[in-house]
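A.B. asks: Below you will find the structure I want to go over with you.
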Amino acid sequence: MKRIYNVFLFIAIIGAFSCKKDFIALTPVDAYTTNNFYKTEQQFESAMVAAYAPLRDVLINDYFTSEMHSDNTIYQPVGSNVGTAYVYRENISDFLNTSVNSYVNATWQHSYTGISRCNIIIQSLPGSNITDSIKKNIDGQAKFLRALNYFKLVRLYGAIPLFLKVVTTANDAFIPRTSVDSVYMQIVSDAKDAMDELAPPAKFPQTGVATKGAATMLLADVYATQKKWTEVEQLLKTLPAMGYDLNSNYGDAFDPLNKNSKESIFEVQFLGGDMTGSTPNALSIHFIPRSTNTKLLTGIVINNRVRRLEYSYKGSYFLF
Amino acid sequence: MAKKKLVFKWLFYLSCICISVNTYAQSRTKISGVVLDEANTPLKGADVSINKTGKQDTSHLITDKNGRFVAENLDAEASYDIQVKNIGFQNFIRKSFQVKKGDNNSILIRLTPGSNLLDDVIVSYGIQKRALVTGSVAEVKAGPLQDAPVNQFAQQLQGKVAGVQINQYSGQPGRGIGFIVRGAASFYSSNQPLFVIDGVPITGSINNINPAEIESFSFLKDASATALYGSRAANGVVLITTKHAKDGQSGLDVSTSYALQKIPGERLPEMMNAKQFATFMKQRAEDGLKYETGYKVSADYHAAYDDPDQYGAGTDWFNLLTRVAPMRNIDISLKSGHEHSSSTLMAGYQDQQGVIINNGTKLFSFRFNQDATFINNRLKMGFNISASYRVDHNNRLSTDGVNGYFERFFEASPLISPYNEDGSYTRIVSSPGMVSYINPLATYNLTNDDYYTTRILGNGYLNFEIIKGLSIKSSLGFDKGAETRKYFQSGIVTGTEGQTTGTSSAVDNGSWTAEANLVYNKNIGKDHHIEALAGYSAQKFSTYSNTLTGLGFESDDIPYLNQATNITGASNGSAYSLVSVLGRINYDFKRKYLLSIASRTDGSSKFGENKRWGDFPSVSVGWIVSSEKFMQHLRPINFLKLRASYGLTGNNFFSAYYAPQATIGTFYYNFNNQITQGQTINNLGNSELAWERNKQFDLGLDVNLLNNRLSFTYDYYHKITDGLIQQRALPTSTGFSQIISNVGALKMWGHEFSLSSVNTTGRLKWNTSLTVSVDRNLITNLVDPGYIRRNNTVSSDYYRQQVGHHLGEFYGFVFEGLYKDQQDLDNSPKYQATNNNPQGVSDIGTIKVKDINGDGVIDDVNDRTFIGDPTPKFTGGMVNSFAFKNFDLSLDMTYSVGGKILNAAKWAYQTNMDGSRVPLAAALDYWRSEDDPGSGIYPRTKTGTTAMGRQVNTQWIENGSYLALKNITLGYTLPLRNITWLNNLRIYGSVQQAYIFTGYSGMNPEVNVGSSDPTAGVGIDENAYPIPRTFAFGITASFK
């Protein structure tokens, strides 16, 4: 009888080992995954930082995608180098760019990378136990960035796939394009939420974080695109009250000392240096003039502003 | 009483052991004999009948636990017929055995396995009579395999089981072999079968299991046989049973062997020696100066090669780096088998030195199996525990593949000495014009890469018969492993000169498996037999690892990290778990009509949230046709069974345990001019990620003919594996580029034939077993664009996995000889020709390839095609075993017919005509001019034209058919005269990897760069550690 008792004890032990509900719901112990991230305030702050990061790539690639089309800049062919990147840039300038053009692709991709990082925040916030005020602030920033990215995309590509949730299965990934009007409706809605949830800049120079001012300006820009001038005027008039003002000189905007100044509504942040995590802006080297003396200059010539643009900078002098 | 018994025993042994000479009466005598099985294990309980020839005066005897019998009171000078019967063996008959007066009337009887229909076969979660098995199960007894001087059981099993391909792709001691059951393949997961040892599915490697501990293997091949292993069964299941002493089996067995291993000389490539290489290099420069404008020859080049006659053979790197290496082995097993208790204690030691210098492996193993029954056999409990400790020394260095160390043995310059004048090692051993090679001899001597592996594997079980017919079986198993690595490489041979590097790393992992099953046996009436099983199982595996790498050592003297000035490291941990319910019903009607339904439901932590649970059902039926009345008069057919099965199984062997979960990466931005770190998803997970699904149909036939002397099994299988996991490209509008998904599909089908026959049963016994496997596959679905390249080169993009093709079909150019003359060049398409450069990089004497797309130009994209199929037409093995008197001989062969081999080792490196590596001696016969075109195989050396020779083309493809004489063993069982303490003593000599008959020009036709993973290549020879020929001498003794 005692032995039978032992049998059942044995079975009970096995049962105890294995009957836990979460026995097969495992998350890594040595790394974060979606299953154990997006819980704490610090994690959301961190995810927010990551959502800003693609802005730099959007800016750099958009510079080629958009500005190469404009009459502000022009390429100068380098006979000895017809590498793909050169050809792509020339193609944009010549209005020959197609969907395989890497700059067109990169602008698309980095904008959407930013959007997906905003989506995960917006989607995960409601389920978290963070104080409401902080929740509001994070949600506002994420919606501002999402609206900013979609605004970039809708103007460049027209009807686009509208992702508002992060993809978790392959089926989620293949969605059709949404009409331009519907995309604008989403942008306006996000920008309005951001305006409501964000505070005006606390101080100048600003930190680089999105503010109520940035959201206001974005919404005004959207309305201006839609030619809703009354709304634009109303919105823009609220800006001075938030502390914004113009610098005394036009050129001051380009003085590194005036980074994030009162004239600045929203700036994409770069930071030079060679430390891990530094984020230098590679765009500047694209403007280095061509020179045969490679000891003085790198000689990289990618994009040259046209004279007219040069002259428009009144009061600033260039050495070439 | 006990004393009396002992005395009696003593007298008994004295008087009648095996070969005894006792004649206690003038006209009366006796025969004493011993009955053994094929592996020389004594057979207890065999029925021996002795009948005076021509008379009906039979006396019956039963062999004792040592397999002995003594027939007394026989007439001297008469002849007797001796017949021995034992279940599972052929009847033994010796007619007219002459009984002599006053002489040795002894007989050694070795029974041949016969009809195994009544044998118990180990199947998943139980045992079954062979005749009633409805799935495809192949059993291999380990006993007859154990003379082979090898230390991995996989080596013993090559060619033994139809449908199971075992290739030794590398000769690294203790490594380099894998299984492919029925062509199993997976792009993302492992394709290795699940190994279950004494009922415990193991989670660690099979390398540390001493083959001497194994009693038998059961290969479960079809869905019915494997279904109870559910999501781990798609690659087949191998059930391994270790030795448990049977009732009456007591004693001490010792077996030991000593072997010498040698690289088979006849298969080595013959490279240029110093003089030949200097001649080649000299001619190369002469041709350059003659044909190429602006060709320059450096002063050191002139100095090295202008006078080839100053050199002899030069440095023979291969000889310096290889050796005849010993291999030692001793296994001791202590058995004590009684009616209610069985203990088996086994200890083993293996030491295999490598045939390449300064490497080898040692294994210390220990196992204790204990079983006991109580309460009239209603309660059975026991445990099996094994511990092993392996020391691997330099045997995991990257010998194999491109830029592997073994390649260097042939490439290093014979003009350079391995030593400087002061006796220190030369670092770079390349002559002028060659690419830079680090001294391979120094590399081998100045690298120390040791792994110390401890493994503890075991389980405890308890079976209790609650009421008659209903039992509960429970088991708790564990598989624990720990491995520490100690690595140190002198700065003399590090990639960056002087960067002495040390690594210390450790892995600790383990799993536990808990199971409880209810088994119910019920006979309804006379004809209905039911066995039902319901069970529950849980398994969890977890691992922790860390690694530390040290740089900045002051000197090479102390190989420990505390001497390093710069140490970096990391630690990691992970886990997976599986929880399951399972059930099976076996039903038969009149033991003629068989039905088995089985299913397992697995919940696995490795799958996506929405796919954690999977059901793996199967059904199989069998019909024992030979039991039908209408078959009874068909005398030659002793047994005939038809089987069919269909079922679903899965593959969850991925190493990425958290693949369904998105991973979090680090990104940087800055606020307030401060670097700010952020974290968010960097790779998508997939909450729908599921197991790879395998749907398999099997049709089988088992037949025994001619008094069970011929038994034959045939199986046809057809499998569709779908939901193969691959990274699927996503629109970047998702913010990501790919998602892990179940997309690919493969189809596999094949035929398996196994035949075993008892050819002669008289004084000369001869048995043969033959297997033939026909395995085919087809890729039916892959992620966009429908094919997978090996890589983006033209030189090592050996194969392309493409929808509509077989796995691993070779891809490259079609060789059409060399451009013979100007006319040939003018009229043929040229490589990389453009408008500006119409000759491209082709010239007279360079390699001409086929213009596949017919556009008049040869280019890398459009002019490569499928150029060979590595899939063999059929493979298999044959074992012939002979016994004559006290001698036994076995010949073990494997073969493969019709597969192609891509000999990259030869063509990518050893025929390189641009002087950067030492070529084959045969390449001296290369094209030099139209008047001296050489053999027409090796092109000219003109600068910029030799690349085509290093790009995959049909020249590289060879027929990979082979017949390998894997093992020859000749044994002799010593007649033991009056030795009371010894049961059995046998000596044997054995040759492993005796000879390979093949037209293939490389070293090993079993080689493959993708090891045993057909999705990583099939039949590609990219150099590997050579497989030695091993000559062994061994003794096995069993003491009482």
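Convention: chains lettered A, B, ... in structure tokens order; per-chain residue numbering from 1; ligands numbered from 1 as shown.
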Set the distance at 9 Å and use only C-alpha atoms: which residues neighbour region 162-175 of chain A once local chain neighbours fewer than 6 positions away are removed? I'd like the list as number ranges by chain.

C.D. replies: A: 112, 115-120, 122-123, 150, 182-183, 186; B: 660-662, 684-689, 728, 730-731, 733-736, 738-741

A.B. asks: Take the residues just selected and output them with C-alpha atoms as an mmCIF file, in the first residue's frame.

C.D. replies:
data_model
loop_
_atom_site.group_PDB
_atom_site.id
_atom_site.type_symbol
_atom_site.label_atom_id
_atom_site.label_comp_id
_atom_site.auth_asym_id
_atom_site.auth_seq_id
_atom_site.Cartn_x
_atom_site.Cartn_y
_atom_site.Cartn_z
ATOM 1 C CA TYR A 112 8.244 53.683 -42.550
ATOM 2 C CA ILE A 115 6.305 54.909 -38.430
ATOM 3 C CA SER A 116 6.609 51.304 -37.231
ATOM 4 C CA ARG A 117 8.533 52.456 -34.161
ATOM 5 C CA CYS A 118 5.789 54.955 -33.405
ATOM 6 C CA ASN A 119 3.123 52.315 -33.991
ATOM 7 C CA ILE A 120 4.580 49.953 -31.410
ATOM 8 C CA ILE A 122 1.066 54.003 -29.612
ATOM 9 C CA GLN A 123 -0.203 50.433 -29.611
ATOM 10 C CA TYR A 150 3.261 60.048 -43.278
ATOM 11 C CA SER A 182 -7.560 58.983 -45.971
ATOM 12 C CA VAL A 183 -3.848 59.319 -45.292
ATOM 13 C CA GLN A 186 -4.909 60.185 -40.312
ATOM 14 C CA PRO B 660 8.332 34.115 -32.834
ATOM 15 C CA GLN B 661 9.218 37.070 -30.620
ATOM 16 C CA ALA B 662 10.533 40.304 -32.047
ATOM 17 C CA LEU B 684 10.279 41.093 -36.381
ATOM 18 C CA GLY B 685 8.972 38.005 -34.723
ATOM 19 C CA ASN B 686 6.065 36.064 -36.069
ATOM 20 C CA SER B 687 3.266 35.109 -33.722
ATOM 21 C CA GLU B 688 2.056 32.605 -36.350
ATOM 22 C CA LEU B 689 5.363 30.749 -36.594
ATOM 23 C CA ARG B 728 10.391 35.873 -46.070
ATOM 24 C CA LEU B 730 8.554 41.940 -46.561
ATOM 25 C CA PRO B 731 7.523 45.221 -48.106
ATOM 26 C CA SER B 733 6.528 49.782 -45.610
ATOM 27 C CA THR B 734 6.232 47.513 -42.591
ATOM 28 C CA GLY B 735 9.388 49.131 -41.279
ATOM 29 C CA PHE B 736 11.202 45.807 -41.607
ATOM 30 C CA GLN B 738 11.909 40.251 -43.481
ATOM 31 C CA ILE B 739 9.833 38.038 -41.247
ATOM 32 C CA ILE B 740 10.461 34.457 -40.279
ATOM 33 C CA SER B 741 7.690 32.394 -41.844
#

A.B. asks: List as an NGL selection string the protein and nucleic acid residues near Ala245 (chain B), meaning an atom at most 10 Å away when only C-alpha atoms are counted, but skip any in the same chain fewer than 5 places from it.

C.D. replies: :B and (250-251 or 333-338 or 341-345 or 369-371)

A.B. asks: Against chain A, which residues of chain B fall within 8 Å? For each one I want the closest pair of atoms and the distance in Å (one decimal), counting only C-alpha atoms, rows by chain and increasing residue number, as CSV.

C.D. replies:
residue,atom,partner,partner_atom,distance
B:Leu462,CA,A:Val7,CA,7.5
B:Phe464,CA,A:Val7,CA,7.7
B:Ser474,CA,A:Ile11,CA,7.2
B:Leu476,CA,A:Ile14,CA,7.9
B:Ala514,CA,A:Ile14,CA,6.0
B:Glu515,CA,A:Ile14,CA,7.3
B:Ala516,CA,A:Ile11,CA,6.9
B:Ala538,CA,A:Ser18,CA,6.0
B:Asn572,CA,A:Asp30,CA,5.7
B:Gly573,CA,A:Asp30,CA,5.7
B:Ser574,CA,A:Pro28,CA,5.9
B:Ala575,CA,A:Pro28,CA,7.5
B:Tyr576,CA,A:Leu26,CA,7.0
B:Ser577,CA,A:Ile24,CA,5.5
B:Leu578,CA,A:Ile24,CA,6.4
B:Val579,CA,A:Ile24,CA,7.2
B:Gly603,CA,A:Ile24,CA,6.8
B:Ser604,CA,A:Ile24,CA,5.8
B:Ser605,CA,A:Ile24,CA,4.3
B:Arg612,CA,A:Ile24,CA,8.0
B:Tyr658,CA,A:Thr27,CA,7.0
B:Gln661,CA,A:Thr33,CA,6.0
B:Ala662,CA,A:Thr33,CA,5.4
B:Thr663,CA,A:Thr33,CA,4.5
B:Ile664,CA,A:Thr33,CA,5.4
B:Thr666,CA,A:Ala50,CA,7.6
B:Phe667,CA,A:Ala50,CA,5.4
B:Tyr668,CA,A:Gly277,CA,5.3
B:Tyr669,CA,A:Ala53,CA,5.2
B:Asn670,CA,A:Gln269,CA,6.1
B:Phe671,CA,A:Thr207,CA,5.2
B:Asn672,CA,A:Thr207,CA,4.2
B:Asn673,CA,A:Leu271,CA,6.5
B:Gln674,CA,A:Leu271,CA,7.9
B:Ile675,CA,A:Gly277,CA,6.0
B:Thr676,CA,A:Val49,CA,7.2
B:Gln677,CA,A:Val49,CA,6.9
B:Gly678,CA,A:Ser46,CA,4.2
B:Gln679,CA,A:Ala47,CA,5.0
B:Thr680,CA,A:Ala47,CA,5.0
B:Ile681,CA,A:Thr34,CA,7.2
B:Leu684,CA,A:Thr168,CA,7.0
B:Gly685,CA,A:Thr168,CA,6.3
B:Asn686,CA,A:Thr169,CA,4.9
B:Ser687,CA,A:Thr168,CA,5.8
B:Glu688,CA,A:Thr169,CA,6.0
B:Leu730,CA,A:Ala173,CA,6.7
B:Pro731,CA,A:Ala173,CA,7.0
B:Thr732,CA,A:Gln109,CA,5.5
B:Ser733,CA,A:Tyr112,CA,5.2
B:Thr734,CA,A:Ala173,CA,6.1
B:Gly735,CA,A:Thr113,CA,3.9
B:Phe736,CA,A:Thr113,CA,6.9
B:Ile739,CA,A:Ala170,CA,6.6
B:Ser741,CA,A:Ala170,CA,7.0

A.B. asks: Quick one: pick out all alpha helix (DSSP H) residues within region 186-237 of chain A from a backbone DSSP run and write them as a PyMOL selection string.

C.D. replies: chain A and resi 186-197+212-225+229-236

A.B. asks: Find the spatial neighbours of Leu239 (chain A), counting only C-alpha atoms, within a cut-off of 10 Å - ignore same-chain residues fewer than 6 positions away - and output them as a list of chain:residue names.

C.D. replies: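 Answer for this query is A:Pro200, A:Lys212, A:Gly213, A:Ala214, A:Thr216, A:Met217, A:Asp245, A:Ile265.
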
A.B. asks: Check region 174-288 of chain A with DSSP on the backbone and list each residue it calls strand (DSSP E or B), as a PyMOL selection string.

C.D. replies: chain A and resi 177-178+271+279

A.B. asks: Write out, as a compact mmCIF listing (two decimals), in the first residue's frame, the residues just selected, with N, CA, C and O atoms.

C.D. replies:
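Final file, result20.txt:
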# COMPACT_ATOMS: atom_id res chain seq x y z
N ARG A 177 -2.68 50.01 -50.80
CA ARG A 177 -2.47 51.45 -50.60
C ARG A 177 -3.78 52.09 -50.14
O ARG A 177 -4.87 51.66 -50.50
N THR A 178 -3.62 53.13 -49.33
CA THR A 178 -4.78 53.89 -48.84
C THR A 178 -4.81 55.20 -49.61
O THR A 178 -3.76 55.75 -49.93
N LEU A 271 24.85 64.91 -33.99
CA LEU A 271 25.90 65.21 -33.02
C LEU A 271 27.19 64.57 -33.52
O LEU A 271 27.26 63.36 -33.72
N THR A 279 26.18 60.83 -33.68
CA THR A 279 25.34 60.80 -34.87
C THR A 279 25.70 61.97 -35.79
O THR A 279 24.94 62.91 -35.94

A.B. asks: Can you tell me which residues surround His806 (chain B) at a distance of at most 7 Å, considering only C-alpha atoms, apart from same-chain residues fewer than 5 positions away, and format the answer as an MDAnalysis selection string?

C.D. replies: chainID B and resid 777:779

A.B. asks: When you look at region 870-875 of chain B with a cut-off of 6 Å (counting only C-alpha atoms), what residues show up, excluding the ones that are within fewer than 4 positions of it in the same chain? I need them as a list in words.

C.D. replies: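 Listing them by chain and then by number gives Val772, Ser773, Val774, Tyr895, Ser896, Val897, Gly898, Gly899, Lys900, Val1018 and Gly1019 of chain B.
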
A.B. asks: For each of B:Arg485, B:Lys606, B:His302, B:Arg977, take the minimum atom-to-atom distance to Ser106 (chain B), counting only C-alpha atoms, then give the residue where this is smallest.

C.D. replies: B:Arg977

A.B. asks: Can you list, as JSON, numbers by chain, every protein, DNA or RNA residue that comes within 7 Å of region 316-322 of chain B when you count only C-alpha atoms, leaving out same-chain residues fewer than 4 positions away?

C.D. replies: {"B": [355, 356, 357, 409, 410, 414, 441]}

A.B. asks: What's the 8 Å shell around Asp863 (chain B), counting only C-alpha atoms, without same-chain residues fewer than 2 positions away, as a ChimeraX atom specification?

C.D. replies: /B:812-813,850-853,858-861,865

A.B. asks: Can you write just those residues out, C-alpha atoms, as a PDB file, in the first residue's frame?

C.D. replies:
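This went into out.pdb:
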ATOM      1  CA  GLY B 812      27.825  26.651 -63.089  1.00  0.00           C
ATOM      2  CA  PHE B 813      29.296  26.939 -66.547  1.00  0.00           C
ATOM      3  CA  LYS B 850      29.022  27.138 -73.398  1.00  0.00           C
ATOM      4  CA  ASP B 851      26.977  30.164 -74.326  1.00  0.00           C
ATOM      5  CA  ILE B 852      23.794  29.010 -72.656  1.00  0.00           C
ATOM      6  CA  ASN B 853      21.538  31.874 -73.690  1.00  0.00           C
ATOM      7  CA  ILE B 858      29.750  34.540 -71.897  1.00  0.00           C
ATOM      8  CA  ASP B 859      28.661  36.240 -68.706  1.00  0.00           C
ATOM      9  CA  ASP B 860      28.154  35.212 -65.082  1.00  0.00           C
ATOM     10  CA  VAL B 861      24.417  35.683 -64.978  1.00  0.00           C
ATOM     11  CA  THR B 865      22.995  26.501 -65.494  1.00  0.00           C
TER      12      THR B 865
END

A.B. asks: Could you work out how far CA of Gly158 (chain A) lies from CA of Val87 (chain A), giving the answer in Å with one decimal?

C.D. replies: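 Interatomic distance, CA of Val87 (chain A) to CA of Gly158 (chain A): 24.7 Å.
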